[in-house]
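To be precise, the following lines are input.txt, and they hold compact mmCIF, C-alpha atoms (C1' of nucleotides).
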# COMPACT_ATOMS: atom_id res chain seq x y z
CA MET A 1 209.31 30.09 -10.24
CA ASP A 2 207.32 33.22 -10.28
CA ALA A 3 208.16 34.93 -13.52
CA LYS A 4 205.79 37.77 -12.85
CA PRO A 5 207.83 40.74 -11.61
CA SER A 6 204.93 43.14 -11.10
CA ALA A 7 204.98 42.78 -7.31
CA SER A 8 208.16 40.92 -6.62
CA SER A 9 209.02 41.85 -3.07
CA ARG A 10 207.41 39.80 -0.43
CA ARG A 11 205.69 42.74 1.12
CA GLU A 12 204.18 44.08 -2.08
CA LEU A 13 203.05 40.60 -2.92
CA THR A 14 200.98 39.93 0.18
CA LYS A 15 199.67 43.43 -0.09
CA SER A 16 198.15 42.91 -3.49
CA GLN A 17 197.11 39.44 -2.41
CA ASN A 18 195.23 40.85 0.55
CA ARG A 19 193.53 43.39 -1.65
CA GLU A 20 192.43 40.63 -3.96
CA ILE A 21 191.26 38.46 -1.07
CA ILE A 22 189.08 41.29 0.19
CA LEU A 23 187.67 42.03 -3.25
CA GLU A 24 186.88 38.37 -3.82
CA ALA A 25 185.18 38.08 -0.43
CA ALA A 26 183.22 41.24 -1.17
CA ARG A 27 182.05 39.85 -4.51
CA LEU A 28 180.78 36.78 -2.70
CA VAL A 29 179.14 38.62 0.17
CA PHE A 30 177.46 41.22 -2.06
CA ALA A 31 176.12 38.46 -4.26
CA GLN A 32 174.81 36.59 -1.25
CA LEU A 33 173.40 39.37 0.91
CA GLY A 34 173.03 42.24 -1.52
CA PHE A 35 174.85 45.52 -1.14
CA ALA A 36 172.44 47.13 1.29
CA THR A 37 172.40 44.23 3.76
CA ALA A 38 176.09 43.39 3.64
CA THR A 39 178.43 44.89 6.23
CA VAL A 40 182.15 45.43 6.32
CA ARG A 41 182.24 42.80 9.06
CA ASP A 42 180.54 40.30 6.80
CA ILE A 43 183.26 40.83 4.24
CA ILE A 44 186.21 40.44 6.59
CA ARG A 45 184.53 37.47 8.25
CA ALA A 46 184.69 35.79 4.84
CA THR A 47 188.41 36.33 5.04
CA PRO A 48 191.30 35.20 7.24
CA LEU A 49 192.08 38.85 7.94
CA ALA A 50 191.24 41.04 10.92
CA SER A 51 188.76 43.88 10.91
CA GLY A 52 191.38 46.59 11.11
CA THR A 53 193.15 45.29 8.03
CA PHE A 54 190.14 46.03 5.89
CA TYR A 55 190.63 49.73 6.48
CA ASN A 56 194.19 49.56 5.25
CA TYR A 57 192.78 48.81 1.82
CA PHE A 58 189.36 50.45 1.62
CA LYS A 59 187.60 53.19 3.49
CA SER A 60 184.14 51.63 3.44
CA LYS A 61 182.01 49.00 1.80
CA GLU A 62 181.01 51.64 -0.73
CA GLN A 63 184.60 51.88 -1.84
CA VAL A 64 184.98 48.15 -2.26
CA TYR A 65 181.85 48.17 -4.33
CA GLN A 66 183.26 50.95 -6.44
CA ALA A 67 186.45 48.99 -6.94
CA LEU A 68 184.43 46.01 -8.16
CA ARG A 69 182.45 48.20 -10.51
CA ASP A 70 185.62 49.78 -11.78
CA GLU A 71 187.01 46.36 -12.58
CA GLU A 72 183.93 45.65 -14.66
CA ALA A 73 184.04 48.99 -16.37
CA LEU A 74 187.70 48.48 -17.09
CA ALA A 75 186.90 45.11 -18.61
CA VAL A 76 184.07 46.28 -20.81
CA ARG A 77 185.40 49.62 -21.96
CA PRO A 78 187.99 48.31 -24.42
CA ARG A 79 185.42 46.03 -25.99
CA LEU A 80 183.01 48.89 -26.50
CA ARG A 81 185.71 51.16 -27.76
CA GLN A 82 186.94 48.68 -30.29
CA ALA A 83 183.42 47.83 -31.38
CA ARG A 84 182.80 51.48 -32.13
CA ALA A 85 186.19 52.08 -33.68
CA THR A 86 185.86 49.37 -36.28
CA ALA A 87 182.43 50.50 -37.41
CA THR A 88 182.18 51.83 -40.93
CA THR A 89 178.47 52.60 -40.95
CA ALA A 90 176.07 54.12 -38.45
CA GLN A 91 174.31 50.78 -38.31
CA GLU A 92 177.53 49.05 -37.33
CA PHE A 93 178.51 51.74 -34.86
CA VAL A 94 175.30 51.47 -32.91
CA ALA A 95 174.77 47.74 -33.23
CA ALA A 96 178.30 46.79 -32.29
CA ASN A 97 178.17 49.04 -29.26
CA PHE A 98 174.91 47.62 -27.99
CA ARG A 99 175.90 44.06 -28.77
CA ALA A 100 179.18 44.30 -26.89
CA PHE A 101 177.47 45.80 -23.89
CA PHE A 102 174.58 43.35 -23.74
CA TRP A 103 176.88 40.43 -24.27
CA PHE A 104 178.99 41.55 -21.35
CA VAL A 105 175.95 41.99 -19.16
CA ALA A 106 174.59 38.60 -20.15
CA GLU A 107 177.78 36.81 -19.24
CA LYS A 108 178.51 38.70 -16.04
CA GLY A 109 175.10 39.77 -14.83
CA GLY A 110 176.54 42.87 -13.26
CA THR A 111 178.15 43.02 -9.85
CA GLY A 112 174.95 42.95 -7.91
CA GLY A 113 171.22 42.82 -8.10
CA ASP A 114 171.02 46.19 -6.43
CA ARG A 115 170.29 48.80 -8.92
CA PHE A 116 171.89 52.13 -8.48
CA ARG A 117 173.86 54.28 -10.77
CA LEU A 118 177.41 54.58 -9.76
CA ASP A 119 179.38 57.61 -10.70
CA SER A 120 182.69 55.92 -10.17
CA PRO A 121 185.75 57.16 -12.08
CA GLU A 122 185.98 54.29 -14.52
CA VAL A 123 182.28 54.35 -15.27
CA LEU A 124 182.35 58.07 -15.89
CA ALA A 125 185.38 57.60 -18.09
CA GLY A 126 183.36 55.08 -20.07
CA PHE A 127 180.64 57.65 -20.65
CA ALA A 128 183.21 60.21 -21.65
CA GLU A 129 184.70 57.77 -24.15
CA LEU A 130 181.31 57.07 -25.63
CA ARG A 131 180.67 60.74 -26.05
CA GLU A 132 184.06 61.29 -27.65
CA ASP A 133 183.45 58.48 -30.09
CA ILE A 134 180.03 59.84 -30.91
CA GLU A 135 181.45 63.28 -31.56
CA ARG A 136 184.22 61.85 -33.69
CA ALA A 137 181.72 59.76 -35.64
CA MET A 138 179.65 62.86 -36.26
CA ALA A 139 182.70 64.78 -37.36
CA ARG A 140 183.66 62.22 -39.96
CA GLY A 141 180.09 61.90 -41.18
CA LEU A 142 179.44 58.42 -39.84
CA LEU A 143 176.61 59.70 -37.70
CA PRO A 144 174.43 62.67 -38.59
CA PRO A 145 175.19 65.75 -36.50
CA ASN A 146 173.20 66.04 -33.32
CA ASP A 147 173.47 67.09 -29.69
CA ALA A 148 176.21 64.74 -28.54
CA GLY A 149 175.46 65.17 -24.86
CA LEU A 150 171.81 64.31 -25.18
CA LEU A 151 172.52 61.49 -27.57
CA THR A 152 175.05 59.99 -25.18
CA ALA A 153 172.55 60.19 -22.36
CA ALA A 154 169.79 58.65 -24.44
CA LEU A 155 172.04 55.87 -25.62
CA THR A 156 173.19 54.97 -22.13
CA GLY A 157 169.63 55.16 -20.88
CA VAL A 158 168.44 52.70 -23.48
CA ALA A 159 171.48 50.49 -22.92
CA PHE A 160 171.16 50.25 -19.15
CA GLU A 161 167.44 49.80 -19.16
CA LEU A 162 167.47 47.12 -21.84
CA ALA A 163 170.34 45.49 -19.99
CA GLU A 164 167.82 44.71 -17.29
CA GLU A 165 165.77 42.83 -19.85
CA VAL A 166 168.86 40.92 -20.84
CA LYS A 167 169.51 40.04 -17.20
CA ARG A 168 165.93 38.83 -17.00
CA GLY A 169 166.71 36.41 -19.81
CA ALA A 170 165.96 38.29 -23.02
CA GLU A 171 168.07 37.23 -25.98
CA VAL A 172 171.07 39.41 -26.56
CA GLU A 173 170.72 39.42 -30.32
CA LYS A 174 167.05 40.28 -30.23
CA VAL A 175 167.53 43.14 -27.82
CA THR A 176 170.49 44.39 -29.83
CA GLN A 177 168.38 44.40 -32.97
CA PHE A 178 165.62 46.26 -31.23
CA ALA A 179 167.89 48.87 -29.71
CA THR A 180 169.74 49.42 -32.96
CA ASP A 181 166.60 49.77 -35.03
CA LEU A 182 165.15 52.14 -32.48
CA LEU A 183 168.19 54.34 -32.38
CA LEU A 184 168.66 54.43 -36.13
CA GLY A 185 165.17 54.66 -37.43
CA GLY A 186 162.86 55.30 -34.50
CA ILE A 187 159.70 53.34 -33.94
CA GLY A 188 158.17 54.06 -37.31
CA VAL A 189 160.66 52.21 -39.44
CA PRO A 190 160.36 48.48 -40.07
CA PRO A 191 163.41 46.47 -38.99
CA LYS A 192 166.14 46.06 -41.56
CA THR A 193 167.43 42.63 -42.37
CA MET B 1 128.30 66.86 9.77
CA ASP B 2 131.46 65.10 9.02
CA ALA B 3 131.07 63.81 5.53
CA LYS B 4 134.66 62.64 5.47
CA PRO B 5 135.07 59.60 7.67
CA SER B 6 138.74 59.19 6.91
CA ALA B 7 140.18 61.11 9.85
CA SER B 8 137.29 62.29 11.95
CA SER B 9 138.19 61.21 15.44
CA ARG B 10 140.84 62.97 17.39
CA ARG B 11 142.98 59.88 17.45
CA GLU B 12 142.95 59.31 13.73
CA LEU B 13 143.76 62.94 13.22
CA THR B 14 146.97 63.06 15.22
CA LYS B 15 147.88 59.77 13.65
CA SER B 16 147.85 61.07 10.13
CA GLN B 17 149.43 64.27 11.41
CA ASN B 18 152.31 62.33 12.88
CA ARG B 19 152.78 60.44 9.65
CA GLU B 20 152.94 63.69 7.78
CA ILE B 21 155.35 65.18 10.30
CA ILE B 22 157.70 62.27 9.83
CA LEU B 23 157.47 62.40 6.06
CA GLU B 24 158.16 66.11 6.06
CA ALA B 25 161.15 65.72 8.36
CA ALA B 26 162.43 62.89 6.17
CA ARG B 27 162.17 65.07 3.07
CA LEU B 28 164.25 67.70 4.81
CA VAL B 29 166.84 65.33 6.20
CA PHE B 30 167.26 63.39 2.96
CA ALA B 31 167.71 66.64 1.08
CA GLN B 32 170.28 67.82 3.60
CA LEU B 33 172.31 64.69 4.26
CA GLY B 34 171.46 62.47 1.32
CA PHE B 35 169.76 59.13 1.67
CA ALA B 36 172.89 57.10 2.40
CA THR B 37 174.11 59.34 5.21
CA ALA B 38 170.77 60.03 6.85
CA THR B 39 169.67 57.88 9.78
CA VAL B 40 166.31 57.14 11.32
CA ARG B 41 167.55 59.07 14.34
CA ASP B 42 168.28 62.11 12.21
CA ILE B 43 164.71 62.03 11.01
CA ILE B 44 163.07 61.76 14.41
CA ARG B 45 165.47 64.33 15.80
CA ALA B 46 163.98 66.74 13.27
CA THR B 47 160.65 66.02 14.90
CA PRO B 48 159.02 66.49 18.31
CA LEU B 49 158.38 62.75 18.43
CA ALA B 50 160.27 59.98 20.19
CA SER B 51 162.33 57.33 18.48
CA GLY B 52 159.90 54.52 19.16
CA THR B 53 157.10 56.41 17.50
CA PHE B 54 158.88 56.30 14.17
CA TYR B 55 158.49 52.55 14.07
CA ASN B 56 154.75 52.81 14.55
CA TYR B 57 154.61 54.39 11.11
CA PHE B 58 157.54 53.02 9.11
CA LYS B 59 159.77 50.01 9.38
CA SER B 60 162.97 51.69 8.23
CA LYS B 61 164.35 54.74 6.48
CA GLU B 62 164.04 52.79 3.24
CA GLN B 63 160.30 52.64 3.74
CA VAL B 64 159.99 56.35 4.39
CA TYR B 65 161.95 56.95 1.23
CA GLN B 66 159.62 54.67 -0.65
CA ALA B 67 156.66 56.52 0.72
CA LEU B 68 158.10 59.80 -0.52
CA ARG B 69 158.80 58.30 -3.93
CA ASP B 70 155.32 56.90 -4.05
CA GLU B 71 153.91 60.34 -3.38
CA GLU B 72 155.83 61.64 -6.36
CA ALA B 73 154.83 58.77 -8.56
CA LEU B 74 151.24 59.25 -7.51
CA ALA B 75 151.50 62.91 -8.43
CA VAL B 76 153.04 62.40 -11.84
CA ARG B 77 151.19 59.32 -13.02
CA PRO B 78 147.87 61.02 -13.76
CA ARG B 79 149.63 63.73 -15.73
CA LEU B 80 151.44 61.17 -17.84
CA ARG B 81 148.35 59.10 -18.30
CA GLN B 82 146.29 62.03 -19.44
CA ALA B 83 149.03 63.26 -21.72
CA ARG B 84 149.08 59.90 -23.45
CA ALA B 85 145.33 59.50 -23.49
CA THR B 86 144.64 62.74 -25.30
CA ALA B 87 147.21 62.04 -28.01
CA THR B 88 145.86 61.54 -31.52
CA THR B 89 149.17 60.97 -33.27
CA ALA B 90 152.33 59.06 -32.45
CA GLN B 91 154.14 62.36 -32.32
CA GLU B 92 151.74 63.69 -29.72
CA PHE B 93 151.78 60.48 -27.74
CA VAL B 94 155.52 60.46 -27.33
CA ALA B 95 156.06 64.19 -27.02
CA ALA B 96 153.32 64.71 -24.45
CA ASN B 97 154.62 61.88 -22.37
CA PHE B 98 158.18 63.15 -22.32
CA ARG B 99 157.12 66.73 -21.80
CA ALA B 100 154.96 65.91 -18.80
CA PHE B 101 157.71 63.87 -17.23
CA PHE B 102 160.51 66.36 -17.79
CA TRP B 103 158.37 69.20 -16.64
CA PHE B 104 157.64 67.38 -13.43
CA VAL B 105 161.30 66.60 -12.90
CA ALA B 106 162.28 70.18 -13.60
CA GLU B 107 159.88 71.58 -11.04
CA LYS B 108 160.49 68.99 -8.33
CA GLY B 109 164.01 67.83 -8.96
CA GLY B 110 163.26 64.39 -7.61
CA THR B 111 163.26 63.46 -3.95
CA GLY B 112 167.00 63.25 -3.65
CA GLY B 113 170.26 63.52 -5.45
CA ASP B 114 170.95 59.89 -4.80
CA ARG B 115 170.38 57.95 -7.87
CA PHE B 116 168.95 54.52 -7.54
CA ARG B 117 166.08 52.83 -9.16
CA LEU B 118 163.30 52.16 -6.82
CA ASP B 119 160.97 49.31 -7.48
CA SER B 120 158.30 50.69 -5.23
CA PRO B 121 154.67 49.78 -5.88
CA GLU B 122 153.58 53.12 -7.30
CA VAL B 123 156.61 53.39 -9.53
CA LEU B 124 156.08 49.90 -10.87
CA ALA B 125 152.44 50.71 -11.41
CA GLY B 126 153.54 53.69 -13.44
CA PHE B 127 155.63 51.46 -15.68
CA ALA B 128 152.73 49.06 -16.04
CA GLU B 129 150.47 51.92 -17.04
CA LEU B 130 152.93 53.09 -19.63
CA ARG B 131 153.13 49.65 -21.09
CA GLU B 132 149.36 49.30 -21.16
CA ASP B 133 149.00 52.61 -22.92
CA ILE B 134 151.66 51.63 -25.43
CA GLU B 135 149.93 48.34 -26.16
CA ARG B 136 146.61 50.08 -26.49
CA ALA B 137 148.13 52.67 -28.81
CA MET B 138 149.56 49.89 -30.94
CA ALA B 139 146.24 48.10 -31.03
CA ARG B 140 144.39 51.13 -32.32
CA GLY B 141 147.11 51.89 -34.84
CA LEU B 142 148.44 55.00 -33.18
CA LEU B 143 151.85 53.42 -32.80
CA PRO B 144 153.29 50.84 -35.16
CA PRO B 145 153.35 47.34 -33.67
CA ASN B 146 156.50 46.44 -31.80
CA ASP B 147 157.73 44.62 -28.74
CA ALA B 148 155.87 46.53 -26.05
CA GLY B 149 158.11 45.32 -23.24
CA LEU B 150 161.32 46.42 -24.89
CA LEU B 151 159.79 49.65 -26.06
CA THR B 152 158.61 50.46 -22.55
CA ALA B 153 162.07 49.76 -21.19
CA ALA B 154 163.75 51.86 -23.85
CA LEU B 155 161.34 54.73 -23.31
CA THR B 156 161.85 54.77 -19.56
CA GLY B 157 165.59 54.48 -20.03
CA VAL B 158 165.66 57.51 -22.27
CA ALA B 159 163.29 59.39 -19.99
CA PHE B 160 165.20 58.80 -16.76
CA GLU B 161 168.58 59.43 -18.28
CA LEU B 162 167.53 62.62 -20.01
CA ALA B 163 165.81 63.65 -16.80
CA GLU B 164 169.30 63.94 -15.34
CA GLU B 165 170.14 66.43 -18.05
CA VAL B 166 167.04 68.37 -17.14
CA LYS B 167 168.06 68.39 -13.49
CA ARG B 168 171.44 69.70 -14.59
CA GLY B 169 169.64 72.61 -16.18
CA ALA B 170 168.86 71.54 -19.72
CA GLU B 171 165.76 73.16 -21.17
CA VAL B 172 162.66 71.00 -20.89
CA GLU B 173 161.39 71.84 -24.35
CA LYS B 174 164.68 71.18 -26.03
CA VAL B 175 165.12 67.82 -24.35
CA THR B 176 161.53 66.91 -25.11
CA GLN B 177 162.10 67.72 -28.77
CA PHE B 178 165.22 65.65 -28.84
CA ALA B 179 163.69 62.65 -27.13
CA THR B 180 160.60 62.75 -29.30
CA ASP B 181 162.53 63.01 -32.54
CA LEU B 182 164.81 60.22 -31.46
CA LEU B 183 161.98 57.90 -30.54
CA LEU B 184 159.97 58.62 -33.64
CA GLY B 185 162.57 58.85 -36.35
CA GLY B 186 165.84 57.71 -34.88
CA ILE B 187 169.02 59.66 -35.32
CA GLY B 188 168.90 59.82 -39.11
CA VAL B 189 165.74 61.84 -39.51
CA PRO B 190 165.71 65.64 -39.38
CA PRO B 191 163.39 67.07 -36.72
CA LYS B 192 159.81 67.70 -37.75
CA THR B 193 158.29 71.08 -37.10
C1' DG C 1 221.57 39.04 14.00
C1' DC C 2 219.73 43.50 14.82
C1' DT C 3 217.31 47.71 13.80
C1' DT C 4 213.74 50.04 11.66
C1' DA C 5 209.77 50.74 9.05
C1' DA C 6 205.45 48.85 7.59
C1' DA C 7 201.46 46.30 8.11
C1' DT C 8 198.25 43.19 11.05
C1' DT C 9 195.61 42.51 14.97
C1' DG C 10 191.58 42.77 17.99
C1' DA C 11 189.84 45.33 21.79
C1' DC C 12 187.61 49.74 22.60
C1' DG C 13 184.43 53.66 22.58
C1' DC C 14 180.72 55.25 20.04
C1' DA C 15 176.47 55.64 17.33
C1' DG C 16 172.38 53.91 15.43
C1' DC C 17 169.10 50.13 15.45
C1' DG C 18 164.67 48.03 16.78
C1' DT C 19 162.13 46.48 20.97
C1' DC C 20 159.35 46.64 24.94
C1' DA C 21 157.51 47.70 29.47
C1' DT C 22 155.49 51.78 31.20
C1' DG C 23 152.39 55.48 31.38
C1' DG C 24 149.20 59.00 29.55
C1' DG C 25 145.28 60.50 27.02
C1' DC C 26 141.24 59.62 24.04
C1' DC C 27 136.93 57.08 23.43
C1' DG C 28 132.62 55.10 24.41
C1' DC C 29 129.50 53.76 27.79
C1' DT C 30 126.82 54.25 31.76
C1' DA D 1 130.38 63.49 34.58
C1' DG D 2 132.77 59.65 35.83
C1' DC D 3 134.94 55.39 34.68
C1' DG D 4 137.25 51.50 32.42
C1' DG D 5 139.61 49.91 28.41
C1' DC D 6 142.50 50.52 24.71
C1' DC D 7 145.60 52.60 21.76
C1' DC D 8 149.64 54.70 21.03
C1' DA D 9 153.77 57.77 22.49
C1' DT D 10 157.83 57.36 25.17
C1' DG D 11 162.71 56.61 25.99
C1' DA D 12 165.72 53.36 28.18
C1' DC D 13 167.83 49.00 26.94
C1' DG D 14 170.60 45.43 24.71
C1' DC D 15 172.76 44.60 20.53
C1' DT D 16 175.39 45.05 16.30
C1' DG D 17 178.47 47.28 13.31
C1' DC D 18 181.67 51.14 12.76
C1' DG D 19 186.33 53.13 12.56
C1' DT D 20 190.49 53.83 15.49
C1' DC D 21 194.66 52.89 17.80
C1' DA D 22 198.26 51.05 20.78
C1' DA D 23 200.49 46.83 20.86
C1' DT D 24 202.54 43.28 18.21
C1' DT D 25 204.14 40.70 14.34
C1' DT D 26 206.62 40.60 9.94
C1' DA D 27 209.59 41.88 6.19
C1' DA D 28 213.62 44.77 4.61
C1' DG D 29 218.08 46.71 4.90
C1' DC D 30 222.40 46.82 7.01

Please rewrite the model in this file as structure tokens.
Amino acid sequence: MDAKPSASSRRELTKSQNREIILEAARLVFAQLGFATATVRDIIRATPLASGTFYNYFKSKEQVYQALRDEEALAVRPRLRQARATATTAQEFVAANFRAFFWFVAEKGGTGGDRFRLDSPEVLAGFAELREDIERAMARGLLPPNDAGLLTAALTGVAFELAEEVKRGAEVEKVTQFATDLLLGGIGVPPKT
Amino acid sequence: MDAKPSASSRRELTKSQNREIILEAARLVFAQLGFATATVRDIIRATPLASGTFYNYFKSKEQVYQALRDEEALAVRPRLRQARATATTAQEFVAANFRAFFWFVAEKGGTGGDRFRLDSPEVLAGFAELREDIERAMARGLLPPNDAGLLTAALTGVAFELAEEVKRGAEVEKVTQFATDLLLGGIGVPPKT
DNA sequence: GCTTAAATTGACGCAGCGTCATGGGCCGCT
DNA sequence: AGCGGCCCATGACGCTGCGTCAATTTAAGC
């Protein structure tokens, strides 16, 4: 009945199942206790598995956390990329990027309440993509030329910080407007309709 | 003859000395091992004191870290405040604020390489001050009216993210220029002299 | 069915945590 | 100076979580 051949053999199947069980338990435990308080034991206790098994899949709770973050990054990156790719004006480029990000944050709330910047592979790749897209947009005249590195940093700074406001309940569209106007015209320019 | 009643008696003296000894050891240990790896034991081992003594002064390594952060925040806040207070134009307001912050970061490098946002009292107070100053500046027409909450968030986002670039060796003045131009005129406006 | 490789299990030694009874030294008072 | 009381430093103690590993179960191939 199982038409999905990705992990057909019995062994491979339970293996990826176990991995998923652990990740799911970790999601739950982190949400409940917070990353700092949670222990590896808490995670496996929320699981039918034994303590030793955990270490067959992850080296530490940090690594599980990274894996969860990577899943998120992997989910949001295509959306951001596409949003930027389809833009034909600077306005669209910036607005679409912010909107996609804030929308994702609003619906998922981020993996945890704990607030630290993770330099996990997928996240870094996301930054790299953003920078590439910015450079490409500058090259084809969509964005005015500027220091791409600094602009990337500034953009992510604004995005992550305003994301907190979104998590606190701010309206996605309003924050998107604000961020876009700020990036495009600075504080001195009245918002465009 | 003792005009300063704060630590006159012998007892009070060694008490504040011990506190300082612990903080100093913590600075060292955090710098060496990083916050995540360091343990309370590592800190007291770098000290002539006994393990129990630590807990007379701090509840956990998190609290020592907070104390260190608070020291930094307490050091930088007046500089920022003054920078903003003496500004007579929007340009000055923003530039002075960024410059003071980046300069501080460049000279101190932050307490640790670990990168998480601390909601410690002094840090939060710093954000509150920034917001107050922004609102005041808007009220007296120095800055155009805007959502102060979002603007504060965006400003801190840009500041903290660009601070990383400064730590990585970017020139303070260049980054300050960039941040100021971005905040004032957005990406479309050529830099003012 | 039988062998072999792979993966699970939980007990084990170890390290760090936070506490607490003990003891020493500082303070104020006589 | 001598004395009693009171902080506070001390480090041993019990406890919890960590990561490992030999024993055992389970799937795969023959």

Skip A:Leu151 itself and residues of its chain fewer than 3 positions away, then list as a compact mmCIF listing (two decimals) with C-alpha atoms, in the frame of the given file all residues within 9 Å of it, counting all atoms listed in the file.
# COMPACT_ATOMS: atom_id res chain seq x y z
CA ARG A 131 180.67 60.74 -26.05
CA ILE A 134 180.03 59.84 -30.91
CA ASN A 146 173.20 66.04 -33.32
CA ASP A 147 173.47 67.09 -29.69
CA ALA A 148 176.21 64.74 -28.54
CA ALA A 154 169.79 58.65 -24.44
CA LEU A 155 172.04 55.87 -25.62
CA THR A 156 173.19 54.97 -22.13
CA PHE B 178 165.22 65.65 -28.84
CA ALA B 179 163.69 62.65 -27.13
CA LEU B 182 164.81 60.22 -31.46
CA ILE B 187 169.02 59.66 -35.32

For chain B, report every residue with an atom at most 6 Å from chain A (counting only C-alpha atoms), formatted as a PDB file with C-alpha atoms, in the coordinates of the input.
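What landed in selection_2.pdb:
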ATOM      1  CA  ARG B 115     170.380  57.950  -7.870  1.00  0.00           C
ATOM      2  CA  PHE B 116     168.950  54.520  -7.540  1.00  0.00           C
ATOM      3  CA  ARG B 117     166.080  52.830  -9.160  1.00  0.00           C
ATOM      4  CA  ALA B 153     162.070  49.760 -21.190  1.00  0.00           C
ATOM      5  CA  ALA B 154     163.750  51.860 -23.850  1.00  0.00           C
ATOM      6  CA  GLY B 157     165.590  54.480 -20.030  1.00  0.00           C
ATOM      7  CA  VAL B 158     165.660  57.510 -22.270  1.00  0.00           C
ATOM      8  CA  GLU B 161     168.580  59.430 -18.280  1.00  0.00           C
ATOM      9  CA  LEU B 183     161.980  57.900 -30.540  1.00  0.00           C
ATOM     10  CA  LEU B 184     159.970  58.620 -33.640  1.00  0.00           C
ATOM     11  CA  GLY B 185     162.570  58.850 -36.350  1.00  0.00           C
ATOM     12  CA  GLY B 186     165.840  57.710 -34.880  1.00  0.00           C
ATOM     13  CA  ILE B 187     169.020  59.660 -35.320  1.00  0.00           C
TER      14      ILE B 187
END

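For chain B, the residues no farther than 9 Å from chain D when using only C-alpha atoms (C1' of nucleotides) are Arg11, Leu49, Ala50, Ser51, Gly52, Thr53 and Asn56 of chain B.
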
Contact set, chain C to chain B: 9 Å, only C-alpha atoms (C1' of nucleotides), as a list of chain:residue names: C:DG16, C:DC17, C:DG18, C:DT19, C:DC26, C:DC27

Take the selection from the previous step and output its residues with C-alpha atoms (C1' of nucleotides), as a compact mmCIF listing (two decimals), in the frame of the given file.
# COMPACT_ATOMS: atom_id res chain seq x y z
C1' DG C 16 172.38 53.91 15.43
C1' DC C 17 169.10 50.13 15.45
C1' DG C 18 164.67 48.03 16.78
C1' DT C 19 162.13 46.48 20.97
C1' DC C 26 141.24 59.62 24.04
C1' DC C 27 136.93 57.08 23.43

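Here atom CA of A:Ser16 and atom CA of A:Tyr57 stand 9.6 Å from one another.
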
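The two atoms in question, atom C1' of C:DT22 and atom CA of B:Glu12, are spaced 22.8 Å apart.
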
Gap from atom CA of A:Arg79 to atom CA of A:Ala128 - Å, one decimal: 15.0 Å

Neighbour list for B:Leu28 as a ChimeraX atom specification, cut-off 12 Å, only C-alpha atoms (C1' of nucleotides), skip fewer than 2 positions in-chain: /B:21-26,30-35,38,42-47,65,68,111-112

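Nearest-residue note for C:DT8: choosing from A:Leu142, A:Phe93, A:Gln82, A:Phe54, the minimum distance belongs to A:Phe54, counting all atoms listed in the file.
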
Residue nearest A:Val76 - candidates A:Glu92, A:Glu107, A:Glu62, A:Glu171, atoms counted: all atoms listed in the file: A:Glu107
